[in-house]
>>> print(open('run.cif').read())   # mmCIF, C-alpha atoms
data_structure
loop_
_atom_site.label_atom_id
_atom_site.label_comp_id
_atom_site.auth_asym_id
_atom_site.auth_seq_id
_atom_site.Cartn_x
_atom_site.Cartn_y
_atom_site.Cartn_z
CA ILE A 177 19.00 -11.78 -3.20
CA ASP A 178 15.40 -12.68 -4.03
CA LYS A 179 13.05 -9.66 -3.82
CA ARG A 180 10.67 -11.92 -1.88
CA PHE A 181 13.26 -12.19 0.88
CA LEU A 182 13.48 -8.41 1.10
CA LEU A 183 9.71 -8.29 1.45
CA LEU A 184 9.93 -10.82 4.28
CA LYS A 185 12.48 -8.63 6.06
CA ILE A 186 10.13 -5.65 5.89
CA ILE A 187 7.24 -7.76 7.19
CA LYS A 188 9.40 -8.93 10.07
CA ALA A 189 10.51 -5.39 10.94
CA LEU A 190 6.98 -3.99 10.84
CA GLN A 191 5.67 -6.92 12.84
CA LYS A 192 8.14 -6.21 15.63
CA THR A 193 7.44 -2.50 15.88
CA HIS A 194 3.82 -2.17 14.76
CA LYS A 195 2.24 -5.64 15.14
CA SER A 196 1.18 -5.46 11.50
CA VAL A 197 -2.13 -7.00 10.56
CA ILE A 198 -2.56 -5.54 7.06
CA LEU A 199 0.28 -4.69 4.69
CA GLU A 200 0.03 -3.06 1.29
CA CYS A 201 2.54 -3.61 -1.50
CA PHE A 202 3.03 -2.88 -5.17
CA ILE A 203 4.21 -5.86 -7.19
CA GLU A 204 4.97 -7.03 -10.68
CA ASP A 205 2.49 -9.44 -12.24
CA ASP A 206 4.52 -12.55 -11.49
CA THR A 207 5.94 -11.68 -8.05
CA LEU A 208 2.92 -12.90 -6.08
CA ALA A 209 -0.19 -13.92 -7.93
CA HIS A 210 -3.53 -14.87 -6.46
CA HIS A 211 -4.15 -16.51 -3.09
CA GLU A 212 -2.54 -19.84 -3.93
CA GLN A 213 0.84 -18.34 -4.77
CA ILE A 214 1.47 -17.40 -1.16
CA LYS A 215 2.11 -21.11 -0.62
CA ARG A 216 4.73 -21.12 -3.37
CA PHE A 217 6.09 -17.85 -1.97
CA TYR A 218 6.76 -19.43 1.41
CA SER A 219 7.83 -22.81 0.06
CA GLY A 220 10.31 -21.05 -2.19
CA ILE A 221 11.96 -19.48 0.85
CA HIS A 222 12.93 -22.94 2.04
CA LYS A 223 15.16 -23.29 -1.02
CA LYS A 224 17.05 -20.11 -0.16
CA PRO A 225 20.19 -19.64 1.94
CA GLU A 226 20.18 -20.16 5.69
CA VAL A 227 19.88 -16.45 6.48
CA MET A 228 16.58 -16.32 4.59
CA MET A 229 15.27 -19.31 6.50
CA LYS A 230 16.16 -17.58 9.77
CA VAL A 231 14.08 -14.52 8.86
CA TYR A 232 11.19 -16.69 7.69
CA ASP A 233 11.20 -18.82 10.85
CA GLU A 234 11.13 -15.73 13.07
CA ILE A 235 7.94 -14.41 11.46
CA LYS A 236 5.86 -17.40 12.60
CA ASN A 237 2.59 -15.95 11.35
CA ASP A 238 0.15 -17.06 8.74
CA TYR A 239 0.03 -14.30 6.15
CA GLU A 240 -2.31 -14.47 3.18
CA VAL A 241 -2.29 -12.49 -0.05
CA VAL A 242 -5.04 -10.61 -1.88
CA HIS A 243 -4.06 -9.80 -5.45
CA PHE A 244 -5.65 -9.23 -8.86
CA ASP A 245 -4.00 -8.59 -12.21
CA SER A 246 -4.26 -5.00 -13.41
CA PRO A 247 -4.04 -3.69 -16.99
CA ASP A 248 -1.09 -1.42 -16.15
CA ARG A 249 1.26 -1.34 -19.12
CA ARG A 250 4.34 -1.84 -16.94
CA GLY A 251 2.81 -4.90 -15.30
CA ILE A 252 2.53 -3.28 -11.86
CA ASP A 253 -0.33 -4.36 -9.59
CA VAL A 254 -1.40 -3.57 -6.06
CA ALA A 255 -1.65 -6.33 -3.47
CA LEU A 256 -2.50 -6.76 0.17
CA ILE A 257 -0.95 -9.10 2.75
CA TYR A 258 -2.83 -9.78 5.97
CA ARG A 259 -2.58 -11.95 9.08
CA SER A 260 -5.43 -14.39 8.74
CA GLU A 261 -5.31 -15.48 12.38
CA ARG A 262 -6.12 -11.89 13.45
CA ILE A 263 -8.76 -10.86 10.93
CA LYS A 264 -11.12 -12.68 8.58
CA LEU A 265 -11.34 -11.84 4.88
CA ILE A 266 -14.99 -11.52 3.86
CA GLU A 267 -14.56 -10.65 0.20
CA ALA A 268 -12.19 -8.94 -2.21
CA GLU A 269 -12.49 -7.36 -5.63
CA ASN A 270 -10.58 -5.22 -8.07
CA ILE A 271 -12.16 -1.95 -9.17
CA PRO A 272 -11.15 -1.14 -12.77
CA ILE A 273 -10.48 2.37 -14.03
CA HIS A 274 -12.21 3.19 -17.33
CA LEU A 275 -12.10 6.68 -18.79
CA SER A 276 -14.83 7.57 -21.29
CA TRP A 277 -12.64 10.33 -22.69
CA ASN A 278 -9.51 8.17 -23.10
CA ALA A 279 -10.27 4.56 -24.00
CA SER A 280 -6.58 3.63 -24.33
CA PHE A 281 -5.69 4.71 -20.79
CA ARG A 282 -4.34 1.96 -18.57
CA THR A 283 -3.45 2.11 -14.88
CA ARG A 284 -3.58 0.02 -11.72
CA ASP A 285 -7.00 -1.12 -10.55
CA ILE A 286 -8.09 -0.21 -7.03
CA LEU A 287 -8.07 -3.24 -4.74
CA LYS A 288 -10.92 -3.48 -2.22
CA ALA A 289 -10.83 -6.04 0.58
CA SER A 290 -13.46 -6.36 3.30
CA PHE A 291 -12.50 -7.83 6.68
CA GLN A 292 -14.25 -8.88 9.83
CA ILE A 293 -12.53 -7.55 12.94
CA GLY A 294 -14.42 -8.78 15.96
CA GLY A 295 -17.96 -7.59 15.38
CA ASP A 296 -16.96 -4.88 12.93
CA THR A 297 -16.60 -4.76 9.16
CA LEU A 298 -13.59 -2.91 7.78
CA HIS A 299 -13.31 -2.09 4.07
CA VAL A 300 -9.73 -1.47 2.92
CA PHE A 301 -9.00 0.23 -0.41
CA ILE A 302 -5.46 -0.18 -1.79
CA ASN A 303 -4.41 2.39 -4.37
CA HIS A 304 -1.59 3.30 -6.72
CA TRP A 305 -2.78 6.35 -8.64
CA PRO A 306 -1.27 7.58 -11.93
CA SER A 307 2.08 9.28 -11.61
CA LYS A 308 3.06 12.82 -12.57
CA TYR A 309 5.38 11.59 -15.30
CA GLY A 310 4.83 13.96 -18.20
CA GLY A 311 3.90 16.87 -15.96
CA ALA A 312 1.72 17.40 -12.89
CA LEU A 313 -0.89 19.53 -14.70
CA LYS A 314 -1.07 17.31 -17.75
CA THR A 315 -1.58 14.14 -15.70
CA ALA A 316 -3.89 15.64 -13.04
CA PRO A 317 -7.08 14.59 -14.90
CA PHE A 318 -6.04 10.95 -14.59
CA ARG A 319 -5.63 11.16 -10.81
CA ASN A 320 -8.87 13.13 -10.55
CA ALA A 321 -10.68 10.39 -12.48
CA VAL A 322 -9.36 7.65 -10.19
CA ALA A 323 -10.37 9.75 -7.16
CA GLU A 324 -13.91 9.94 -8.57
CA VAL A 325 -14.07 6.16 -9.02
CA LEU A 326 -12.88 5.59 -5.46
CA ALA A 327 -15.21 8.23 -4.01
CA ASN A 328 -18.22 6.74 -5.77
CA ARG A 329 -17.48 3.26 -4.41
CA ILE A 330 -17.04 4.65 -0.88
CA LEU A 331 -20.38 6.45 -1.19
CA GLU A 332 -22.06 3.21 -2.25
CA ILE A 333 -20.77 1.44 0.86
CA SER A 334 -21.61 4.34 3.17
CA LYS A 335 -25.18 4.47 1.87
CA ALA A 336 -25.76 0.72 2.10
CA HIS A 337 -23.85 0.20 5.37
CA PRO A 338 -23.55 3.49 7.30
CA GLY A 339 -21.72 1.90 10.24
CA HIS A 340 -19.02 0.13 8.26
CA ARG A 341 -15.44 1.30 8.78
CA ILE A 342 -13.38 2.39 5.76
CA LEU A 343 -9.62 2.70 5.36
CA VAL A 344 -7.97 4.08 2.21
CA MET A 345 -4.24 3.78 1.72
CA GLY A 346 -1.63 3.85 -1.01
CA ASP A 347 0.63 5.85 -3.26
CA LEU A 348 -1.77 8.53 -4.45
CA ASN A 349 0.98 10.54 -6.17
CA ALA A 350 -0.54 13.68 -4.65
CA GLU A 351 -0.01 15.91 -1.66
CA SER A 352 -2.43 17.93 0.46
CA GLY A 353 -4.27 20.62 -1.49
CA GLU A 354 -4.19 18.84 -4.85
CA GLU A 355 -7.50 18.51 -6.65
CA CYS A 356 -7.69 14.71 -6.58
CA LEU A 357 -7.44 14.63 -2.79
CA GLU A 358 -10.00 17.41 -2.50
CA ILE A 359 -12.37 15.30 -4.62
CA LEU A 360 -11.94 12.33 -2.30
CA GLU A 361 -12.35 14.37 0.89
CA SER A 362 -15.22 16.59 -0.25
CA LYS A 363 -17.35 13.83 -1.81
CA THR A 364 -16.91 11.24 0.93
CA SER A 365 -15.97 13.13 4.12
CA MET A 366 -12.94 10.85 4.42
CA VAL A 367 -10.26 12.49 6.57
CA SER A 368 -6.50 12.15 6.47
CA ALA A 369 -5.10 9.97 9.23
CA PHE A 370 -1.59 10.68 8.07
CA ASP A 371 -0.34 14.24 8.36
CA HIS A 372 3.43 14.19 8.67
CA LYS A 373 6.02 16.65 7.45
CA LEU A 374 8.47 13.77 7.18
CA GLY A 375 7.97 12.31 3.72
CA SER A 376 8.05 8.75 2.43
CA HIS A 377 9.32 9.53 -1.07
CA LYS A 378 12.22 11.70 -2.19
CA TYR A 379 12.52 13.41 -5.57
CA GLN A 380 15.85 15.18 -6.00
CA ASN A 381 16.25 17.10 -2.72
CA LYS A 382 12.59 17.13 -1.63
CA TRP A 383 10.78 14.60 0.54
CA SER A 384 7.05 14.33 -0.21
CA THR A 385 3.99 12.78 1.41
CA ILE A 386 2.38 11.14 -1.60
CA ASP A 387 1.79 7.90 0.33
CA ARG A 388 -1.45 8.58 2.14
CA ILE A 389 -3.91 7.08 4.64
CA PHE A 390 -7.55 8.16 4.93
CA VAL A 391 -10.34 6.92 7.23
CA ASN A 392 -14.05 7.60 7.54
CA GLN A 393 -15.93 8.90 10.57
CA SER A 394 -17.20 5.43 11.49
CA PHE A 395 -13.58 4.28 11.66
CA ILE A 396 -12.72 7.13 14.03
CA GLU A 397 -15.74 6.41 16.22
CA ARG A 398 -14.88 2.72 16.59
CA PHE A 399 -11.09 2.63 16.61
CA ASP A 400 -8.49 4.54 18.60
CA ILE A 401 -5.71 5.67 16.28
CA LEU A 402 -2.58 5.19 18.37
CA ASN A 403 -0.13 6.70 15.90
CA THR A 404 0.80 7.02 12.26
CA GLY A 405 4.15 7.59 10.64
CA VAL A 406 6.88 6.69 8.20
CA HIS A 407 8.91 3.56 8.91
CA ARG A 408 12.48 4.83 8.50
CA ALA A 409 14.41 1.67 9.20
CA PRO A 410 18.16 2.03 8.40
CA MET A 411 18.03 -0.97 6.05
CA LEU A 412 15.53 0.91 3.85
CA LEU A 413 17.79 3.97 3.45
CA GLU A 414 21.08 4.89 1.83
CA ALA A 415 23.22 7.99 1.66
CA ASP A 416 22.17 10.62 -0.86
CA HIS A 417 25.52 11.79 -2.21
CA LYS A 418 23.99 14.15 -4.78
CA PHE A 419 21.37 15.98 -2.71
CA LEU A 420 22.76 15.16 0.77
CA GLY A 421 21.02 13.48 3.67
CA ASP A 422 19.52 10.08 2.95
CA LYS A 423 17.02 8.58 0.52
CA PRO A 424 15.10 5.31 0.09
CA LYS A 425 17.26 2.43 -1.12
CA ARG A 426 15.49 1.44 -4.29
CA SER A 427 15.70 -1.86 -6.14
CA PHE A 428 16.93 -0.41 -9.42
CA VAL A 429 18.81 2.69 -10.46
CA GLY A 430 18.20 2.75 -14.19
CA LEU A 431 18.89 -0.80 -15.32
CA LYS A 432 21.28 -1.53 -12.46
CA TYR A 433 19.92 -3.73 -9.67
CA GLN A 434 21.29 -2.59 -6.31
CA ASP A 435 19.66 -5.07 -3.92
CA GLY A 436 17.34 -2.43 -2.48
CA TYR A 437 13.73 -2.37 -1.34
CA SER A 438 11.77 0.50 -2.87
CA ASP A 439 11.91 4.17 -3.79
CA HIS A 440 9.18 4.66 -1.16
CA LEU A 441 9.36 4.15 2.58
CA PRO A 442 6.48 2.30 4.27
CA VAL A 443 3.84 4.37 6.02
CA TYR A 444 1.78 2.91 8.83
CA ILE A 445 -1.26 3.41 11.03
CA ASN A 446 -1.58 1.73 14.43
CA PHE A 447 -5.11 1.46 15.76
CA GLN A 448 -7.12 -0.60 18.21
CA VAL A 449 -10.76 -1.14 19.03
CA SER A 450 -12.00 1.59 21.38
CA GLN A 451 -12.69 0.37 24.90
#
>>> encode(input="run.cif", output="structure tokens")
Amino acid sequence: IDKRFLLLKIIKALQKTHKSVILECFIEDDTLAHHEQIKRFYSGIHKKPEVMMKVYDEIKNDYEVVHFDSPDRRGIDVALIYRSERIKLIEAENIPIHLSWNASFRTRDILKASFQIGGDTLHVFINHWPSKYGGALKTAPFRNAVAEVLANRILEISKAHPGHRILVMGDLNAESGEECLEILESKTSMVSAFDHKLGSHKYQNKWSTIDRIFVNQSFIERFDILNTGVHRAPMLLEADHKFLGDKPKRSFVGLKYQDGYSDHLPVYINFQVSQ
């Protein structure tokens, strides 16, 4: 089944339970590219089996895509999907990661999208920081460097527009207490809006909370955070026969495609304008 159909199913599920306005995803270069490809994305669904059409028809919302190509060697980018009838996109940009001490380093850019929500401006930063492949200590400098880039951009916005709301989300490949998160929090005063023991990613027998959500003080002052959590829909999980319990149903196990969604579960934040 087309991976785009699986994405539609997740959108539908989140829309029912969380009234999703902004969705983050990690994609390959040619899955969804640029704003115009959302039209081909939807039109392509019409060529799929009847069950796909049923899911598509039930969504009935106008979603748009924000996406830029990144220099990641595996061809992985970050993207953002939003409901254009609920919020207005003001501008979007990709923030490249350049390391003076490692010119050959390549990773995902940070995606920044600014939205108008009523009379407020909300800046959303979508992240997919370097993994711990090769060792947590050895790769920590890469995550620290990305945290510095993000923190500096947040400081620029906060200085120029003190009242603007800021939301940071993504797979940061780090848990509470790690240096990269301390850099982000100490330099910008961003605070975690997601503090759950229930993880979104499982490695061997351990669930972890490497998918994170941070907000600034202006966000907290303007919006009521109703709840945050991990979306543990049954369709996103499968039995973990080796380490017991369950685990995310991923797309590939090695080179074998198993018609899954992701090795991460979606995390969410529900908020509304304070009355």
>>> closest_residue(input="run.cif", among="A:Ser368, A:Asn303, A:Ser427, A:Thr297", to="Pro338 in chain A", atoms="all atoms listed in the file")
A:Thr297
>>> resolve_selection(input="run.cif", expression="the PyMOL selection byres ((chain A and resi 392) around 6)", output="list of chain:residue names")
A:Ile342, A:Met366, A:Val391, A:Gln393, A:Ser394, A:Phe395
>>> residues_around(input="run.cif", residues="range 373-385 of chain A", least_positions_apart="3", cutoff="8 Å", atoms="only C-alpha atoms", output="mmCIF file with C-alpha atoms, in the coordinates of the input")
data_model
loop_
_atom_site.group_PDB
_atom_site.id
_atom_site.type_symbol
_atom_site.label_atom_id
_atom_site.label_comp_id
_atom_site.auth_asym_id
_atom_site.auth_seq_id
_atom_site.Cartn_x
_atom_site.Cartn_y
_atom_site.Cartn_z
ATOM 1 C CA ALA A 350 -0.540 13.680 -4.650
ATOM 2 C CA GLU A 351 -0.010 15.910 -1.660
ATOM 3 C CA ARG A 388 -1.450 8.580 2.140
ATOM 4 C CA VAL A 406 6.880 6.690 8.200
ATOM 5 C CA PHE A 419 21.370 15.980 -2.710
ATOM 6 C CA LEU A 420 22.760 15.160 0.770
ATOM 7 C CA LYS A 423 17.020 8.580 0.520
ATOM 8 C CA PRO A 424 15.100 5.310 0.090
ATOM 9 C CA ASP A 439 11.910 4.170 -3.790
ATOM 10 C CA HIS A 440 9.180 4.660 -1.160
ATOM 11 C CA LEU A 441 9.360 4.150 2.580
ATOM 12 C CA PRO A 442 6.480 2.300 4.270
ATOM 13 C CA VAL A 443 3.840 4.370 6.020
#
>>> closest_residue(input="run.cif", among="A:His274, A:Arg250, A:His340, A:Lys308", to="Ile396 in chain A", atoms="only C-alpha atoms")
A:His340
>>> resolve_selection(input="run.cif", expression="the PyMOL selection byres ((chain A and resi 298) around 10)", output="list of chain:residue names")
A:Ile263, A:Leu265, A:Ile266, A:Ala289, A:Ser290, A:Phe291, A:Gln292, A:Ile293, A:Gly295, A:Asp296, A:Thr297, A:His299, A:Val300, A:Phe301, A:Gly339, A:His340, A:Arg341, A:Ile342, A:Leu343, A:Ser394, A:Phe395
